[in-house]
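Undergrad: This is the structure I have questions about; it appears just below.
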Amino acid sequence: MTDRGGDPAAAALGAAWSLFDEARETLDVDTLTRSINAWHRVLALVGPGHPNHHAFLSNLGTAYALRYVETGAATDLDEAVTVLDAGARATEAAGNPAWPTALMNYGLTLSLRAGRSGSVADVDASVEALRRAVGGMPTDHPSLPMAMSNLGDTLRLGVESTGNQVYLDEAVAVLTRAVDLAPASALRPTILANLGKALHVQYETRGRTSDLDAAVDALREAARTTTQNPADALTSLADGLRARYERGRSLADLEESVQAARAAVRAARDGHPNLAIYMTNLGVALQVRFQRVRDAGDLDEAILLLRTAGQRLPEDHPNRGIQLAALGNALHVRFEHSAADTDLREAIEAMRAAVGLADGNDTRRPARLSNLGLMLLERANRIGSDAILDDAVEFSAEAVRLIAPTADSRPQTLVNLANALQVRSLRRDDPADLRAAVAALKEAANDRGAAPSTRIGAARAAADLLAADQVDDAANLLESAVLALPEVAPLRLSRGEQQTMITRFAGLAGDAVALVLASSRDGRALSALRVLETGRALLLSQALDSRSDLGDLRIRHRELADRYVELRDLLDYQQPLGEVVAGPDRRQVANELTKVLATIRSLDEFSDFGLPPNPTELLAEAVQGPVVALSVSRHGSAALLLTTGGVNHLDLPLLDAQEAGRRTLSFRSELEIARTDQDPARRRQAQRELNGVLEWLWDAAVGPVLDALGYTGRPAGAWPRVWWAPGGMLSLLPVHAAGYHSDPADHPERRTALDRVVSSYTPTIRALRYAREKLAATPNDPPRALVVAMPTTPGLSEQRKLRHVDDEVRAVRRHLTDHVLLREPDPDRAGDLPTPTRASVLAHLPHCAIAHFACHGATDPVDPSQSMLILHDHDTDPLTVAELGPVRLDRARLAYLSACDTALTLAPGLHDEAIHLATAFQLAGFPHVVGTLWEADDRTSVTVAESFYSALQATDSEAPDVGRPAEALHYAVRALRDGDDMPTGLNRIAVPSLWAGYVHAGA
């Protein structure tokens, strides 16, 4: 550090220098101890009057600091601070030009102590010392980049300790400058690591994803290039990647986070003072990965690491509380999946200890108290203990009292308290606890800074408690919750993750509609319809956004659109109720989003941006016929009737939610029997059961609706049209086929929908409007057709062969003379026609107005986005709903999907989403789609297709009128049902599985 000269202790000084050099090179603890002792001897010998006394003090302080880094002994750190402070003061007092370097070393050691103790005084003193050190160094001083790096990192620590935003701006600016000053320096990796950590804090504070990306880039380079203490850079990189995963849900980020955290543990030598911290971070990363991929090995390893970290940490280490809280949370997660009582008991013990290490001023105490309350509530429920239940309420209430009003985790803390209060109120019939639970839930639901998923869950829970006697409040809560639904599935999530999030809130829109209709407000029916429009088909609405409002905004105001999307996605970042992963300041994000929306809506043509359709837009879609939205809820069922006269509602008391669920499940199970059972008597009985459900559906919903609309019998002139938006479980039933089909065929008031109206389907009114806009914009040229035929399918058995596909294709080709045929070649001979592959179909679709598919279809009961048309290459390159998402067609007019289950979503919790092939083709650009609600009979498909295209074609010489497919399908299905082509004595009315599954969707 300084001149080695000076008597009268030359021998002692020479020995001290030799040991100091060796200690700095090897970092051996014994050598560092001998070096400390040697410098103490030198200082005792030379006295304070020696001209290099200040330098010897600095060397002694440095040796103490180095030994602390290796051992973690707090006494060494305190000694280093004291000695380096004295050395820096002496150096500056002596007028020695090395005073900035001495001050830098003192400031750095203060920063180390602040990081260990959390002392704000140490942070401020360190910042002051390092600022003076940087200010005292010329621009070419070799230590300037390191001094600036130390200053920037201490400023970052100050932001984390005090929230001082001025510190944050200075930290990023100083560290950026330090990187520029050290383009090829050995110090560059350390500076980059500090810059990465500062940028991470800036992201947490301000929510800019560009900061997080820059942080990860800087930390990656630091970890890749550093040769000294790589573990620190690696664990910081792991933190940054985990934060980016929490925001963007990219599995690649999570995997890299685990790898970096594991590399940090490997890079730290055994006995390294931070090894336990690195192990804690790896344990948390593995727990997060378990919650994503459900590999029990990850959770077991996480718990083992966290236990080992606890064994390595000194009792007084400031990270012990973090380790204990992480261990408690990991054990609680394992209990939730294994129900092992030992895990829950140990989780409670660990969290109690973590709470005990956080005093009333510790910002981490509320989260630990709330998590402890949650664990105790589960324990109380498990063993029926009133005393433990009281503890759960007490700890949860203390967490709410202590947590800051603006804390991101406050809403979830309120929800945890409400859960405990509600359980106690039910157990003791205590109305005070119930009122307190409702108040906590309402506060969480109304918190604009809460994650949308938290707000929605709180609102739903509060509404359930209020629905019986405070219906207006309950309705307001659920209406607000539905309006927040689009935010829970942002585009940054994968399609599967979006579907998972939506499933959590299945049925919410129906509950909201029921309570709005039961409320005392004016305009209830219109409000209910707007709620339903917002709460159904969320993913379809997102796609329509990109093709309409948001797409237009991107074209005209790109930066504004990008900032809106970024803020919208950030707002659903779910702050963990803990202390390891931090996120953006959600209130700041929410406020900025409000301002951005106000700016957008101030622009011409964007005044309704992001809002539900207004009354004028809704009424415009009723000009061609009424739209009927059916809503089923445990709070009551109703039909919303949109006509040119306005919006009205019709209560449907017979459409009980439980009964609707039972009838739907019965219909689907009996349908399978009717199609596949080997016993003819059992098949006939199943068909009778199907007709029984159709009759119930008429009595409970369709009959009252058509009567209310004035459609009480067979029309004398043009047939009226009705668009059905059933949603929920009703989307699995053929609403258009409801009725008493055994009524005499010539009865003028025959009780069936087929005999009164032409039916079509739409998931939402907005989707209907999109289809009509596409139809109006499509050129009215003579229609060219694509015909896809799959009589056999690679990978499917002989029993799955579609033996009548060629008959269907011949019937279609008679009417569609201008066509391209893609046909699967017969297995025993080479084909002379193009093969129906995903690529060939997508290549032909842009040039065709009509697409007719005669093939198998497959509905994925878990992930409906993977439902597909089964083409030649379905095993390797399937044509799925998700694959059709980006497709945009300008000439498309009619898609006829003569395949299985093409208008059906079987996935539980996603019935409102209408994720199936029919909507996928509609979104791609087909305003009219013919699909099926179940597997169509191969022979019947020929009859329906022939009748359908015949009805489209008035004369043999005319091209098909593709503007009338709903009427054509209606004619074809009625003809099939009535058995016009069958011998006398055969009754196809008794076999609804043959004819009731065909549907028209769209314009």
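Chain lettering (A, B, ...) mirrors the order of the structure tokens, residue numbering begins at 1 for each chain separately, and ligand numbering begins at 1 in order of display.
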Quick one: DSSP strand (DSSP E or B) residues in segment 487-722 of chain A, as a list of chain:residue names?
TA: A:Val627, A:Val628, A:Ala629, A:Leu630, A:Ser631, A:Ala638, A:Ala639, A:Leu640, A:Leu641, A:Leu642, A:Thr643, A:Gly646, A:Val647, A:Asn648, A:His649, A:Leu650, A:Asp651, A:Arg721, A:Val722
Undergrad: Could you give me, as an mmCIF file with C-alpha atoms, in the first residue's frame, the residues within 12 Å of segment 259-274 of chain A, counting only C-alpha atoms and dropping anything in the same chain fewer than 5 positions from it?
TA:
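Writing done, so here's out35.cif:
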data_model
loop_
_atom_site.group_PDB
_atom_site.id
_atom_site.type_symbol
_atom_site.label_atom_id
_atom_site.label_comp_id
_atom_site.auth_asym_id
_atom_site.auth_seq_id
_atom_site.Cartn_x
_atom_site.Cartn_y
_atom_site.Cartn_z
ATOM 1 C CA LEU A 27 -6.169 -14.952 1.189
ATOM 2 C CA ASP A 28 -5.159 -17.672 3.639
ATOM 3 C CA VAL A 29 -6.775 -16.976 7.023
ATOM 4 C CA LEU A 66 -9.677 -9.271 4.008
ATOM 5 C CA ARG A 67 -9.945 -11.652 6.953
ATOM 6 C CA TYR A 68 -13.591 -10.642 7.401
ATOM 7 C CA VAL A 69 -14.279 -11.465 3.763
ATOM 8 C CA GLU A 70 -12.848 -14.945 4.328
ATOM 9 C CA THR A 71 -14.363 -15.694 7.747
ATOM 10 C CA GLY A 72 -17.405 -13.441 8.102
ATOM 11 C CA ALA A 73 -16.336 -12.452 11.648
ATOM 12 C CA ALA A 74 -18.166 -9.225 12.515
ATOM 13 C CA ARG A 116 -24.269 -6.864 6.866
ATOM 14 C CA VAL A 216 -29.059 -9.267 -16.885
ATOM 15 C CA LEU A 219 -24.331 -9.461 -14.904
ATOM 16 C CA ARG A 220 -23.908 -12.100 -17.607
ATOM 17 C CA ALA A 223 -20.004 -13.589 -14.498
ATOM 18 C CA ARG A 224 -18.416 -14.684 -17.763
ATOM 19 C CA THR A 226 -14.504 -12.260 -13.814
ATOM 20 C CA THR A 227 -11.543 -14.106 -12.325
ATOM 21 C CA GLN A 228 -12.047 -12.870 -8.764
ATOM 22 C CA ASN A 229 -15.059 -13.840 -6.626
ATOM 23 C CA PRO A 230 -17.212 -15.141 -9.517
ATOM 24 C CA ALA A 231 -19.774 -16.376 -6.996
ATOM 25 C CA ASP A 232 -20.956 -12.842 -6.246
ATOM 26 C CA ALA A 233 -21.557 -12.036 -9.919
ATOM 27 C CA LEU A 234 -23.219 -15.422 -10.474
ATOM 28 C CA THR A 235 -25.638 -15.104 -7.573
ATOM 29 C CA SER A 236 -26.550 -11.569 -8.673
ATOM 30 C CA LEU A 237 -27.128 -12.898 -12.187
ATOM 31 C CA ALA A 238 -29.353 -15.626 -10.747
ATOM 32 C CA ASP A 239 -31.380 -12.977 -8.900
ATOM 33 C CA GLY A 240 -31.793 -10.900 -12.059
ATOM 34 C CA LEU A 241 -32.845 -13.858 -14.162
ATOM 35 C CA ARG A 242 -35.325 -15.007 -11.525
ATOM 36 C CA ALA A 252 -35.372 -20.292 -20.214
ATOM 37 C CA ASP A 253 -34.740 -17.446 -17.750
ATOM 38 C CA LEU A 254 -35.709 -19.673 -14.830
ATOM 39 C CA MET A 279 -27.080 -21.715 -1.003
ATOM 40 C CA THR A 280 -30.181 -19.821 0.128
ATOM 41 C CA ASN A 281 -30.514 -18.186 -3.280
ATOM 42 C CA LEU A 282 -30.143 -21.542 -5.032
ATOM 43 C CA GLY A 283 -32.771 -23.022 -2.712
ATOM 44 C CA VAL A 284 -35.218 -20.248 -3.568
ATOM 45 C CA ALA A 285 -34.540 -20.636 -7.309
ATOM 46 C CA LEU A 286 -35.218 -24.367 -7.086
ATOM 47 C CA ARG A 289 -38.762 -23.943 -10.549
ATOM 48 C CA GLU A 301 -33.083 -30.194 -2.932
ATOM 49 C CA ALA A 302 -34.235 -26.657 -2.103
ATOM 50 C CA LEU A 305 -29.903 -26.499 0.729
ATOM 51 C CA ALA A 309 -27.400 -22.878 4.819
ATOM 52 C CA ARG A 312 -23.545 -22.645 8.240
ATOM 53 C CA LEU A 313 -24.862 -19.218 9.215
ATOM 54 C CA PRO A 314 -23.746 -17.766 12.546
ATOM 55 C CA HIS A 317 -25.823 -13.268 10.908
ATOM 56 C CA PRO A 318 -28.270 -10.774 9.365
ATOM 57 C CA ASN A 319 -29.232 -13.311 6.683
ATOM 58 C CA ARG A 320 -30.373 -15.928 9.161
#
Undergrad: Atom CA of Pro794 of chain A and atom CA of Glu824 of chain A are how many Å apart?
TA: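 Atom-to-atom, atom CA of Pro794 of chain A and atom CA of Glu824 of chain A are spaced 9.0 Å apart.
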Undergrad: So that I can see what lies close to Leu130 of chain A, please list as an mmCIF file with N, CA, C and O atoms, in the first residue's frame the residues with an atom at most 8 Å from it, counting only C-alpha atoms and leaving out residues fewer than 2 positions away in the same chain.
TA:
data_model
loop_
_atom_site.group_PDB
_atom_site.id
_atom_site.type_symbol
_atom_site.label_atom_id
_atom_site.label_comp_id
_atom_site.auth_asym_id
_atom_site.auth_seq_id
_atom_site.Cartn_x
_atom_site.Cartn_y
_atom_site.Cartn_z
ATOM 1 N N LEU A 103 -9.288 6.989 1.739
ATOM 2 C CA LEU A 103 -10.688 7.269 2.005
ATOM 3 C C LEU A 103 -11.590 6.266 1.280
ATOM 4 O O LEU A 103 -12.639 5.867 1.786
ATOM 5 N N MET A 104 -11.184 5.864 0.070
ATOM 6 C CA MET A 104 -11.944 4.860 -0.682
ATOM 7 C C MET A 104 -11.999 3.537 0.086
ATOM 8 O O MET A 104 -13.057 2.905 0.202
ATOM 9 N N GLY A 107 -14.324 3.914 3.021
ATOM 10 C CA GLY A 107 -15.719 3.941 2.567
ATOM 11 C C GLY A 107 -16.211 2.571 2.134
ATOM 12 O O GLY A 107 -17.354 2.187 2.412
ATOM 13 N N LEU A 108 -15.354 1.804 1.454
ATOM 14 C CA LEU A 108 -15.741 0.467 1.016
ATOM 15 C C LEU A 108 -16.025 -0.438 2.210
ATOM 16 O O LEU A 108 -16.997 -1.210 2.211
ATOM 17 N N SER A 126 -20.601 5.998 4.408
ATOM 18 C CA SER A 126 -19.838 5.407 3.312
ATOM 19 C C SER A 126 -19.995 6.226 2.037
ATOM 20 O O SER A 126 -19.021 6.487 1.330
ATOM 21 N N VAL A 127 -21.240 6.637 1.735
ATOM 22 C CA VAL A 127 -21.470 7.456 0.549
ATOM 23 C C VAL A 127 -20.672 8.755 0.623
ATOM 24 O O VAL A 127 -20.037 9.178 -0.352
ATOM 25 N N GLU A 128 -20.702 9.388 1.782
ATOM 26 C CA GLU A 128 -19.978 10.653 1.930
ATOM 27 C C GLU A 128 -18.479 10.448 1.702
ATOM 28 O O GLU A 128 -17.820 11.225 0.989
ATOM 29 N N ARG A 132 -16.222 11.843 -1.603
ATOM 30 C CA ARG A 132 -15.023 12.665 -1.440
ATOM 31 C C ARG A 132 -13.814 12.003 -2.099
ATOM 32 O O ARG A 132 -12.970 12.676 -2.696
ATOM 33 N N ALA A 133 -13.742 10.672 -2.000
ATOM 34 C CA ALA A 133 -12.617 9.968 -2.629
ATOM 35 C C ALA A 133 -12.648 10.140 -4.142
ATOM 36 O O ALA A 133 -11.628 10.444 -4.772
ATOM 37 N N VAL A 134 -13.821 9.957 -4.743
ATOM 38 C CA VAL A 134 -13.952 10.117 -6.198
ATOM 39 C C VAL A 134 -13.646 11.550 -6.595
ATOM 40 O O VAL A 134 -12.931 11.810 -7.586
ATOM 41 N N ALA A 147 -13.051 3.279 -7.388
ATOM 42 C CA ALA A 147 -13.690 4.164 -6.415
ATOM 43 C C ALA A 147 -15.121 4.476 -6.845
ATOM 44 O O ALA A 147 -16.052 4.489 -6.029
ATOM 45 N N MET A 148 -15.314 4.739 -8.128
ATOM 46 C CA MET A 148 -16.656 5.017 -8.638
ATOM 47 C C MET A 148 -17.547 3.777 -8.520
ATOM 48 O O MET A 148 -18.735 3.870 -8.197
ATOM 49 N N ASN A 150 -17.265 1.398 -6.246
ATOM 50 C CA ASN A 150 -17.619 1.253 -4.834
ATOM 51 C C ASN A 150 -18.704 2.267 -4.438
ATOM 52 O O ASN A 150 -19.637 1.937 -3.695
ATOM 53 N N LEU A 151 -18.562 3.496 -4.937
ATOM 54 C CA LEU A 151 -19.566 4.517 -4.645
ATOM 55 C C LEU A 151 -20.921 4.105 -5.208
ATOM 56 O O LEU A 151 -21.955 4.181 -4.520
#
Undergrad: Find the residues near segment 813-818 of chain A: any atom within 8 Å, counting only C-alpha atoms, skip ones fewer than 5 places away on the same chain, and give them as a PyMOL selection string.
TA: chain A and resi 783-785+949-950+953+956+959-960
Undergrad: Neighbours of Leu377 of chain A within 7 Å (only C-alpha atoms; same-chain residues fewer than 5 positions away dropped), as a list in words?
TA: Leu389, Ala392 and Ala420 of chain A
Undergrad: Write a file of the selected residues as an mmCIF file, in the first residue's frame, keeping N, CA, C and O atoms.
TA:
data_model
loop_
_atom_site.group_PDB
_atom_site.id
_atom_site.type_symbol
_atom_site.label_atom_id
_atom_site.label_comp_id
_atom_site.auth_asym_id
_atom_site.auth_seq_id
_atom_site.Cartn_x
_atom_site.Cartn_y
_atom_site.Cartn_z
ATOM 1 N N LEU A 389 -56.029 -21.217 15.912
ATOM 2 C CA LEU A 389 -56.777 -20.314 15.035
ATOM 3 C C LEU A 389 -56.684 -18.874 15.541
ATOM 4 O O LEU A 389 -56.512 -17.938 14.747
ATOM 5 N N ALA A 392 -53.398 -17.567 14.540
ATOM 6 C CA ALA A 392 -53.370 -17.237 13.106
ATOM 7 C C ALA A 392 -53.964 -15.865 12.865
ATOM 8 O O ALA A 392 -53.425 -15.046 12.116
ATOM 9 N N ALA A 420 -58.390 -15.964 7.618
ATOM 10 C CA ALA A 420 -58.381 -16.428 8.998
ATOM 11 C C ALA A 420 -59.634 -15.947 9.743
ATOM 12 O O ALA A 420 -60.260 -16.701 10.503
#
Undergrad: Of the candidates A:Cys900, A:Ala895, A:Ala121, A:Ala436, which shows the shortest atom-to-atom distance to His856 of chain A, using only C-alpha atoms?
TA: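 The closest residue to His856 of chain A is A:Cys900.
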Undergrad: Find the distance between atom CA of Thr139 of chain A and atom CA of Asn96 of chain A and write it in Å to one decimal.
TA: 18.2 Å
Undergrad: Given only C-alpha atoms, how would the per-residue table for segment 629-743 of chain A near segment 512-522 of chain A read, listing every residue at most 12 Å away with its closest atom pair and distance in Å to one decimal, sorted by chain and number, as a Markdown table?
TA:
| residue | atom | partner | partner_atom | distance |
| --- | --- | --- | --- | --- |
| A:Ala629 | CA | A:Val513 | CA | 10.7 |
| A:Leu630 | CA | A:Val513 | CA | 10.1 |
| A:Ser631 | CA | A:Val513 | CA | 7.3 |
| A:Val632 | CA | A:Ala514 | CA | 8.0 |
| A:Ser633 | CA | A:Ala514 | CA | 6.6 |
| A:Arg634 | CA | A:Ala514 | CA | 8.4 |
| A:His635 | CA | A:Ala514 | CA | 5.7 |
| A:Gly636 | CA | A:Ala514 | CA | 5.5 |
| A:Ser637 | CA | A:Ala514 | CA | 6.4 |
| A:Ala638 | CA | A:Ala514 | CA | 7.3 |
| A:Ala639 | CA | A:Val513 | CA | 10.0 |
| A:Leu640 | CA | A:Val513 | CA | 9.4 |
| A:Asn648 | CA | A:Leu517 | CA | 10.3 |
| A:His649 | CA | A:Leu517 | CA | 8.1 |
| A:Leu650 | CA | A:Leu517 | CA | 9.7 |
| A:Asp651 | CA | A:Leu517 | CA | 9.0 |
| A:Leu652 | CA | A:Ala514 | CA | 10.8 |
| A:Pro653 | CA | A:Ala514 | CA | 11.6 |
| A:Ala657 | CA | A:Ala514 | CA | 11.5 |
Undergrad: Would you mind listing what lies within 12 Å of Arg988 of chain A as a PyMOL selection string, with only C-alpha atoms counted and same-chain residues fewer than 6 positions away left out?
TA: chain A and resi 684+687-688+691+741-742+940+973-982+994-996
Undergrad: List every residue of segment 680-774 of chain A that DSSP, applied to the backbone of this structure, assigns to helix (DSSP H, G or I), and report them as a count of residues only.
TA: 51
Undergrad: Write out as a list in words which residues come within 7 Å of Ala737 of chain A when counting only C-alpha atoms, dropping same-chain ones fewer than 4 positions away.
TA: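 The contact residues come out as Leu694, Thr752, Ala753, Leu754 and Ala996 of chain A.
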Undergrad: Could you dump the residues just selected with N, CA and C atoms as a PDB file, in the first residue's frame?
TA:
ATOM      1  N   LEU A 694     -82.354 -32.069 -24.521  1.00  0.00           N
ATOM      2  CA  LEU A 694     -82.792 -31.021 -25.442  1.00  0.00           C
ATOM      3  C   LEU A 694     -84.140 -30.447 -25.003  1.00  0.00           C
ATOM      4  N   THR A 752     -89.495 -26.210 -30.936  1.00  0.00           N
ATOM      5  CA  THR A 752     -88.073 -26.416 -31.203  1.00  0.00           C
ATOM      6  C   THR A 752     -87.495 -25.143 -31.790  1.00  0.00           C
ATOM      7  N   ALA A 753     -86.215 -24.906 -31.479  1.00  0.00           N
ATOM      8  CA  ALA A 753     -85.546 -23.742 -32.067  1.00  0.00           C
ATOM      9  C   ALA A 753     -85.412 -23.902 -33.565  1.00  0.00           C
ATOM     10  N   LEU A 754     -85.169 -25.133 -34.029  1.00  0.00           N
ATOM     11  CA  LEU A 754     -84.985 -25.378 -35.452  1.00  0.00           C
ATOM     12  C   LEU A 754     -86.227 -25.015 -36.260  1.00  0.00           C
ATOM     13  N   ALA A 996     -77.831 -32.999 -34.558  1.00  0.00           N
ATOM     14  CA  ALA A 996     -77.854 -31.820 -33.685  1.00  0.00           C
ATOM     15  C   ALA A 996     -76.479 -31.189 -33.475  1.00  0.00           C
TER      16      ALA A 996
END
